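Here's the structure, in structure tokens; my notes come after.
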Amino acid sequence: MERENCTLITEFFLQGFSSFREHQLTLFAMFLALYAFTLAGNVIIVTIIRTDRHLHTPMYFFLSMLSTSETVYTLVILPRMLSSLVGMNRSISWAGCATQMFFFVTFGITNCFLLTAMGYDRYVAICNPLRYSVIMNKRVCVQLVWGACSIGLIVAMTQVTSVFRLPFCATKVAHFFCDIRPVMKLSCIDTTVNEILTVIISVLVILVPMGLVFISYVLIISTILKIPSAQGRKKAFATCASHLTVVIVHYGCASIAYLKPKSEDTRDQDQLISVTYTVITPLLNPVVYTLRNKEVKDALLRATGRKLS
């Protein structure tokens, strides 16, 4: 009888930042500013890459795909989070929660594998420069992007289906969005099998691409160190610095969030980690690639010059 009652739940309640009730307006202002910068930065990057012929290269094609993915990723989570901070409706339907989780997982995993594709691109550019244009042709680039998206979709369908087949007894999600573990905690039944599935998926979609990026950079660094001139080594390192910075933060936050041991008393800590990979990391992408990348800065200057002329 209890199981039947569980299936009648049609909506959830996102508790959000209830532990920081007295600071919610401050959090709203801060997150709104970060969200505006993130959207503006990613839109500028995509626009500049598509309009400036100097940036029509595999590296910037992957960057534009990453920026597009990051934009949708933030759209899935941040508007609802911002509305809850100013006291608007915190309820979300069963279907809405499943949809939010589906897109969050899809684009989160897509970003992981896009960063891996960018690492492979840097490996070919530095370790095999004479064959770069042959290896990283348009077809290969499109296939790598489709591969990243396909993995994201397949994993999201598997994960969301496994979670929302559970019967639920409670409705209060101890988070600001429908993340996997907070929703699973509302189930009436033991979720050990689902927890194991989540860990297996997390290992595959975080450690595997992270390992591939690590191997790429071991080969890249060993090749760079063989370059005779200091100027040549500096230039080679510069082409990888932006990507490596984003990779360290992205995979680092994802690893802490999904590979750390389960604990009952870390809600505030979990939310802080979630803020890092849902708010800070998407902002890091446009900031790093515009401030540390000479080609992007030059493209922005050319665009600004055209507008002023």
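Ligands are numbered from 1 in the order shown, residues from 1 within each chain, and chains are lettered A, B, ... in the order they appear in the structure tokens.
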If you run DSSP on the backbone, which residues of stretch 86-266 of chain A are helix (DSSP H, G or I), as a VMD selection string? chain A and resid 94 to 127 129 to 135 138 to 164 180 to 184 192 to 224 230 to 259
For stretch 168-180 of chain A: contacts at 7 Å, only C-alpha atoms, fewer than 4 positions along chain excluded, given as number ranges by chain: A: 6-7, 9, 11-17, 77, 81, 97, 100-101, 184, 186-188, 271
Could you save the residues just selected, with N, CA and C atoms, as a PDB file, in the first residue's frame?
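Okay, this is what ended up in selection-v5.pdb:
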```pdb
ATOM      1  N   CYS A   6       3.358   6.050  -2.927  1.00  0.00           N
ATOM      2  CA  CYS A   6       4.571   6.702  -3.415  1.00  0.00           C
ATOM      3  C   CYS A   6       4.421   7.145  -4.855  1.00  0.00           C
ATOM      4  N   THR A   7       3.761   6.349  -5.666  1.00  0.00           N
ATOM      5  CA  THR A   7       3.673   6.635  -7.098  1.00  0.00           C
ATOM      6  C   THR A   7       2.724   7.802  -7.400  1.00  0.00           C
ATOM      7  N   ILE A   9       2.938  10.800  -6.210  1.00  0.00           N
ATOM      8  CA  ILE A   9       3.645  12.084  -6.172  1.00  0.00           C
ATOM      9  C   ILE A   9       3.804  12.628  -7.589  1.00  0.00           C
ATOM     10  N   GLU A  11       4.758  16.171  -8.054  1.00  0.00           N
ATOM     11  CA  GLU A  11       5.668  17.310  -8.072  1.00  0.00           C
ATOM     12  C   GLU A  11       6.639  17.246  -6.898  1.00  0.00           C
ATOM     13  N   PHE A  12       7.736  17.972  -7.057  1.00  0.00           N
ATOM     14  CA  PHE A  12       8.759  18.047  -6.019  1.00  0.00           C
ATOM     15  C   PHE A  12       8.918  19.495  -5.588  1.00  0.00           C
ATOM     16  N   PHE A  13       9.579  19.681  -4.452  1.00  0.00           N
ATOM     17  CA  PHE A  13       9.822  21.008  -3.912  1.00  0.00           C
ATOM     18  C   PHE A  13      11.329  21.195  -3.750  1.00  0.00           C
ATOM     19  N   LEU A  14      11.887  22.141  -4.502  1.00  0.00           N
ATOM     20  CA  LEU A  14      13.326  22.403  -4.439  1.00  0.00           C
ATOM     21  C   LEU A  14      13.621  23.319  -3.258  1.00  0.00           C
ATOM     22  N   GLN A  15      14.329  22.795  -2.258  1.00  0.00           N
ATOM     23  CA  GLN A  15      14.609  23.577  -1.055  1.00  0.00           C
ATOM     24  C   GLN A  15      15.636  24.672  -1.288  1.00  0.00           C
ATOM     25  N   GLY A  16      16.461  24.517  -2.315  1.00  0.00           N
ATOM     26  CA  GLY A  16      17.419  25.564  -2.666  1.00  0.00           C
ATOM     27  C   GLY A  16      18.392  25.881  -1.555  1.00  0.00           C
ATOM     28  N   PHE A  17      18.629  27.191  -1.347  1.00  0.00           N
ATOM     29  CA  PHE A  17      19.612  27.635  -0.352  1.00  0.00           C
ATOM     30  C   PHE A  17      18.907  28.006   0.956  1.00  0.00           C
ATOM     31  N   ILE A  77      19.479  25.209 -15.494  1.00  0.00           N
ATOM     32  CA  ILE A  77      19.531  25.262 -14.028  1.00  0.00           C
ATOM     33  C   ILE A  77      19.341  26.663 -13.448  1.00  0.00           C
ATOM     34  N   MET A  81      16.873  28.530 -10.402  1.00  0.00           N
ATOM     35  CA  MET A  81      17.566  28.789  -9.149  1.00  0.00           C
ATOM     36  C   MET A  81      17.408  30.251  -8.746  1.00  0.00           C
ATOM     37  N   CYS A  97      11.087  17.900 -13.351  1.00  0.00           N
ATOM     38  CA  CYS A  97      12.292  17.459 -12.638  1.00  0.00           C
ATOM     39  C   CYS A  97      13.082  16.470 -13.495  1.00  0.00           C
ATOM     40  N   GLN A 100      14.715  18.397 -16.382  1.00  0.00           N
ATOM     41  CA  GLN A 100      15.872  19.167 -15.931  1.00  0.00           C
ATOM     42  C   GLN A 100      17.078  18.262 -15.702  1.00  0.00           C
ATOM     43  N   MET A 101      16.854  17.112 -15.057  1.00  0.00           N
ATOM     44  CA  MET A 101      17.942  16.166 -14.821  1.00  0.00           C
ATOM     45  C   MET A 101      18.489  15.632 -16.136  1.00  0.00           C
ATOM     46  N   MET A 184      17.230  10.779  -5.671  1.00  0.00           N
ATOM     47  CA  MET A 184      17.202   9.374  -5.274  1.00  0.00           C
ATOM     48  C   MET A 184      16.921   9.207  -3.783  1.00  0.00           C
ATOM     49  N   LEU A 186      14.821  10.563  -2.063  1.00  0.00           N
ATOM     50  CA  LEU A 186      13.381  10.669  -1.780  1.00  0.00           C
ATOM     51  C   LEU A 186      12.645   9.355  -2.011  1.00  0.00           C
ATOM     52  N   SER A 187      13.356   8.352  -2.468  1.00  0.00           N
ATOM     53  CA  SER A 187      12.704   7.082  -2.803  1.00  0.00           C
ATOM     54  C   SER A 187      12.255   6.319  -1.560  1.00  0.00           C
ATOM     55  N   CYS A 188      11.170   5.536  -1.747  1.00  0.00           N
ATOM     56  CA  CYS A 188      10.643   4.692  -0.656  1.00  0.00           C
ATOM     57  C   CYS A 188      11.483   3.439  -0.445  1.00  0.00           C
ATOM     58  N   GLN A 271      26.181  21.645  -2.002  1.00  0.00           N
ATOM     59  CA  GLN A 271      25.633  22.782  -2.740  1.00  0.00           C
ATOM     60  C   GLN A 271      26.753  23.718  -3.201  1.00  0.00           C
TER      61      GLN A 271
END
```
Write down as a list in words the residues belonging to stretch 23-203 of chain A that are assigned strand (DSSP E or B) by DSSP computed on the backbone.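 Taking stretch 23-203 of chain A and keeping strand (DSSP E or B) gives Ser91, Ile92, Ser93, Phe168, Lys172, Val173 and Ser187 of chain A.
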Among A:Ser216, A:Thr71, A:Asn285, A:Thr47, A:Tyr120 is approached most closely, using only C-alpha atoms, by A:Ser216
Best match for closeness to A:Ser133 among A:Asn42, A:Thr161, A:Thr57, A:Ser150, counting only C-alpha atoms: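 Of A:Asn42, A:Thr161, A:Thr57, A:Ser150, the one nearest A:Ser133, counting only C-alpha atoms, is A:Thr57.
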Go through A:Leu25, A:Cys240, A:Val46, A:Val246 and flag the residue nearest A:Ser67, using only C-alpha atoms for the distances.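 Using only C-alpha atoms, the shortest distance to A:Ser67 belongs to A:Val46.
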Please provide as an NGL selection string all residues within 9 Å of A:Ile224, with the sequence filter that same-chain residues fewer than 3 positions apart are discarded (counting only C-alpha atoms). :A and (126-127 or 219-221 or 227-228 or 232-234 or 236-237)
Using only C-alpha atoms, what table do you get, as a Markdown table, when you list each residue of stretch 35-87 of chain A with an atom no more than 12 Å from stretch 102-108 of chain A, its nearest pair of atoms, and their distance in Å rounded to one decimal, rows by chain then rising number?
```
| residue | atom | partner | partner_atom | distance |
| --- | --- | --- | --- | --- |
| A:Met65 | CA | A:Phe107 | CA | 11.0 |
| A:Leu66 | CA | A:Phe107 | CA | 9.5 |
| A:Ser67 | CA | A:Phe107 | CA | 11.0 |
| A:Thr68 | CA | A:Phe107 | CA | 9.8 |
| A:Ser69 | CA | A:Phe107 | CA | 6.0 |
| A:Glu70 | CA | A:Phe107 | CA | 7.3 |
| A:Thr71 | CA | A:Phe107 | CA | 9.5 |
| A:Val72 | CA | A:Phe107 | CA | 7.6 |
| A:Tyr73 | CA | A:Phe107 | CA | 5.7 |
| A:Thr74 | CA | A:Phe104 | CA | 8.5 |
| A:Leu75 | CA | A:Phe104 | CA | 9.5 |
| A:Val76 | CA | A:Phe104 | CA | 6.6 |
| A:Ile77 | CA | A:Phe104 | CA | 7.6 |
| A:Leu78 | CA | A:Phe104 | CA | 11.1 |
```
Serialized selection, C-alpha atoms, as a CSV table (one decimal), in the first residue's frame:
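Saved as out_9.csv:
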```csv
chain,number,residue,atom,x,y,z
A,65,MET,CA,30.6,23.8,-29.5
A,66,LEU,CA,31.7,23.9,-25.8
A,67,SER,CA,30.4,27.5,-25.4
A,68,THR,CA,27.1,26.5,-27.0
A,69,SER,CA,26.8,23.5,-24.7
A,70,GLU,CA,27.7,25.5,-21.6
A,71,THR,CA,25.1,28.1,-22.5
A,72,VAL,CA,22.3,25.5,-22.7
A,73,TYR,CA,23.7,23.8,-19.6
A,74,THR,CA,23.3,27.0,-17.5
A,75,LEU,CA,19.8,27.7,-19.0
A,76,VAL,CA,18.6,24.4,-17.6
A,77,ILE,CA,19.5,25.3,-14.0
A,78,LEU,CA,20.2,28.9,-13.3
```
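Residue nearest A:Thr26, chosen from A:Ala148, A:Val86, A:Cys141, A:Ile49 and counting only C-alpha atoms: A:Val86.
Atom to atom, atom CA of A:Glu195 and atom CA of A:Ile256 stand 15.9 Å apart.
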Determine, counting only C-alpha atoms, which protein, DNA and RNA residues have an atom within 9 Å of an atom of A:Leu283; residues of the same chain fewer than 4 positions away are not included. Present the result as a PDB file with all heavy atoms, in the first residue's frame.
```
ATOM      1  N   LEU A  34      26.869  36.793 -12.297  1.00  0.00           N
ATOM      2  CA  LEU A  34      27.692  35.726 -12.879  1.00  0.00           C
ATOM      3  C   LEU A  34      27.006  35.096 -14.084  1.00  0.00           C
ATOM      4  O   LEU A  34      27.644  34.802 -15.100  1.00  0.00           O
ATOM      5  CB  LEU A  34      27.991  34.655 -11.819  1.00  0.00           C
ATOM      6  CG  LEU A  34      28.922  35.067 -10.676  1.00  0.00           C
ATOM      7  CD1 LEU A  34      28.973  33.985  -9.614  1.00  0.00           C
ATOM      8  CD2 LEU A  34      30.330  35.361 -11.201  1.00  0.00           C
ATOM      9  N   TYR A  35      25.695  34.897 -13.975  1.00  0.00           N
ATOM     10  CA  TYR A  35      24.923  34.302 -15.074  1.00  0.00           C
ATOM     11  C   TYR A  35      24.930  35.213 -16.302  1.00  0.00           C
ATOM     12  O   TYR A  35      25.112  34.755 -17.432  1.00  0.00           O
ATOM     13  CB  TYR A  35      23.496  34.050 -14.596  1.00  0.00           C
ATOM     14  CG  TYR A  35      22.600  33.378 -15.599  1.00  0.00           C
ATOM     15  CD1 TYR A  35      23.051  32.306 -16.370  1.00  0.00           C
ATOM     16  CD2 TYR A  35      21.281  33.800 -15.781  1.00  0.00           C
ATOM     17  CE1 TYR A  35      22.223  31.675 -17.284  1.00  0.00           C
ATOM     18  CE2 TYR A  35      20.451  33.174 -16.687  1.00  0.00           C
ATOM     19  CZ  TYR A  35      20.925  32.114 -17.433  1.00  0.00           C
ATOM     20  OH  TYR A  35      20.103  31.503 -18.343  1.00  0.00           O
ATOM     21  N   PHE A  37      27.219  37.471 -17.093  1.00  0.00           N
ATOM     22  CA  PHE A  37      28.572  37.420 -17.667  1.00  0.00           C
ATOM     23  C   PHE A  37      28.804  36.117 -18.438  1.00  0.00           C
ATOM     24  O   PHE A  37      29.421  36.116 -19.508  1.00  0.00           O
ATOM     25  CB  PHE A  37      29.629  37.572 -16.568  1.00  0.00           C
ATOM     26  CG  PHE A  37      29.849  38.985 -16.109  1.00  0.00           C
ATOM     27  CD1 PHE A  37      29.680  39.333 -14.771  1.00  0.00           C
ATOM     28  CD2 PHE A  37      30.213  39.987 -17.011  1.00  0.00           C
ATOM     29  CE1 PHE A  37      29.877  40.634 -14.337  1.00  0.00           C
ATOM     30  CE2 PHE A  37      30.409  41.294 -16.593  1.00  0.00           C
ATOM     31  CZ  PHE A  37      30.242  41.625 -15.247  1.00  0.00           C
ATOM     32  N   THR A  38      28.302  35.006 -17.878  1.00  0.00           N
ATOM     33  CA  THR A  38      28.470  33.710 -18.538  1.00  0.00           C
ATOM     34  C   THR A  38      27.766  33.682 -19.878  1.00  0.00           C
ATOM     35  O   THR A  38      28.351  33.272 -20.897  1.00  0.00           O
ATOM     36  CB  THR A  38      27.916  32.578 -17.639  1.00  0.00           C
ATOM     37  OG1 THR A  38      28.623  32.578 -16.398  1.00  0.00           O
ATOM     38  CG2 THR A  38      28.084  31.216 -18.302  1.00  0.00           C
ATOM     39  N   LEU A  39      26.497  34.109 -19.892  1.00  0.00           N
ATOM     40  CA  LEU A  39      25.734  34.123 -21.147  1.00  0.00           C
ATOM     41  C   LEU A  39      26.385  35.047 -22.169  1.00  0.00           C
ATOM     42  O   LEU A  39      26.590  34.667 -23.331  1.00  0.00           O
ATOM     43  CB  LEU A  39      24.294  34.590 -20.882  1.00  0.00           C
ATOM     44  CG  LEU A  39      23.300  33.557 -20.364  1.00  0.00           C
ATOM     45  CD1 LEU A  39      21.934  34.198 -20.189  1.00  0.00           C
ATOM     46  CD2 LEU A  39      23.197  32.368 -21.308  1.00  0.00           C
ATOM     47  N   GLY A  41      29.488  36.164 -22.278  1.00  0.00           N
ATOM     48  CA  GLY A  41      30.802  35.666 -22.692  1.00  0.00           C
ATOM     49  C   GLY A  41      30.713  34.540 -23.697  1.00  0.00           C
ATOM     50  O   GLY A  41      31.402  34.546 -24.723  1.00  0.00           O
ATOM     51  N   ASN A  42      29.842  33.570 -23.427  1.00  0.00           N
ATOM     52  CA  ASN A  42      29.716  32.434 -24.345  1.00  0.00           C
ATOM     53  C   ASN A  42      29.097  32.831 -25.677  1.00  0.00           C
ATOM     54  O   ASN A  42      29.508  32.340 -26.738  1.00  0.00           O
ATOM     55  CB  ASN A  42      28.904  31.308 -23.687  1.00  0.00           C
ATOM     56  CG  ASN A  42      29.728  30.486 -22.719  1.00  0.00           C
ATOM     57  OD1 ASN A  42      30.835  30.062 -23.027  1.00  0.00           O
ATOM     58  ND2 ASN A  42      29.210  30.256 -21.522  1.00  0.00           N
ATOM     59  N   GLU A  70      27.727  24.863 -22.933  1.00  0.00           N
ATOM     60  CA  GLU A  70      27.734  25.507 -21.614  1.00  0.00           C
ATOM     61  C   GLU A  70      26.544  26.458 -21.462  1.00  0.00           C
ATOM     62  O   GLU A  70      25.952  26.568 -20.381  1.00  0.00           O
ATOM     63  CB  GLU A  70      29.036  26.292 -21.414  1.00  0.00           C
ATOM     64  CG  GLU A  70      30.301  25.459 -21.329  1.00  0.00           C
ATOM     65  CD  GLU A  70      30.555  24.914 -19.929  1.00  0.00           C
ATOM     66  OE1 GLU A  70      29.588  24.762 -19.158  1.00  0.00           O
ATOM     67  OE2 GLU A  70      31.720  24.629 -19.618  1.00  0.00           O
ATOM     68  N   VAL A 279      27.852  27.217 -11.990  1.00  0.00           N
ATOM     69  CA  VAL A 279      27.940  28.680 -12.153  1.00  0.00           C
ATOM     70  C   VAL A 279      29.359  29.124 -12.521  1.00  0.00           C
ATOM     71  O   VAL A 279      29.556  29.851 -13.499  1.00  0.00           O
ATOM     72  CB  VAL A 279      27.485  29.404 -10.863  1.00  0.00           C
ATOM     73  CG1 VAL A 279      27.549  30.918 -11.060  1.00  0.00           C
ATOM     74  CG2 VAL A 279      26.087  28.979 -10.457  1.00  0.00           C
ATOM     75  N   VAL A 287      35.988  33.443 -19.880  1.00  0.00           N
ATOM     76  CA  VAL A 287      36.996  34.311 -19.257  1.00  0.00           C
ATOM     77  C   VAL A 287      38.403  33.852 -19.639  1.00  0.00           C
ATOM     78  O   VAL A 287      39.237  34.638 -20.102  1.00  0.00           O
ATOM     79  CB  VAL A 287      36.838  34.324 -17.720  1.00  0.00           C
ATOM     80  CG1 VAL A 287      38.049  34.974 -17.063  1.00  0.00           C
ATOM     81  CG2 VAL A 287      35.573  35.065 -17.327  1.00  0.00           C
ATOM     82  N   VAL A 288      38.678  32.566 -19.470  1.00  0.00           N
ATOM     83  CA  VAL A 288      40.011  32.027 -19.761  1.00  0.00           C
ATOM     84  C   VAL A 288      40.340  32.163 -21.234  1.00  0.00           C
ATOM     85  O   VAL A 288      41.440  32.584 -21.613  1.00  0.00           O
ATOM     86  CB  VAL A 288      40.108  30.549 -19.319  1.00  0.00           C
ATOM     87  CG1 VAL A 288      41.365  29.893 -19.886  1.00  0.00           C
ATOM     88  CG2 VAL A 288      40.127  30.456 -17.799  1.00  0.00           C
TER      89      VAL A 288
END
```
Quick one: everything within 10 Å of A:Val247, counting only C-alpha atoms, minus sequence neighbours fewer than 4 positions away in the same chain. Send it as a ChimeraX atom specification. /A:112,115-116,118-119,210,213-214,241-243,251-253,281,285
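Taking only C-alpha atoms into account, A:Leu114 lies nearest to A:Val205 out of the set A:Val163, A:Ile92, A:Val155, A:Val205.
In this structure, atom CA of A:Val218 sits 12.8 Å away from atom CA of A:Val124.
The space between atom CA of A:Ser162 and atom CA of A:Thr191 spans 10.1 Å.
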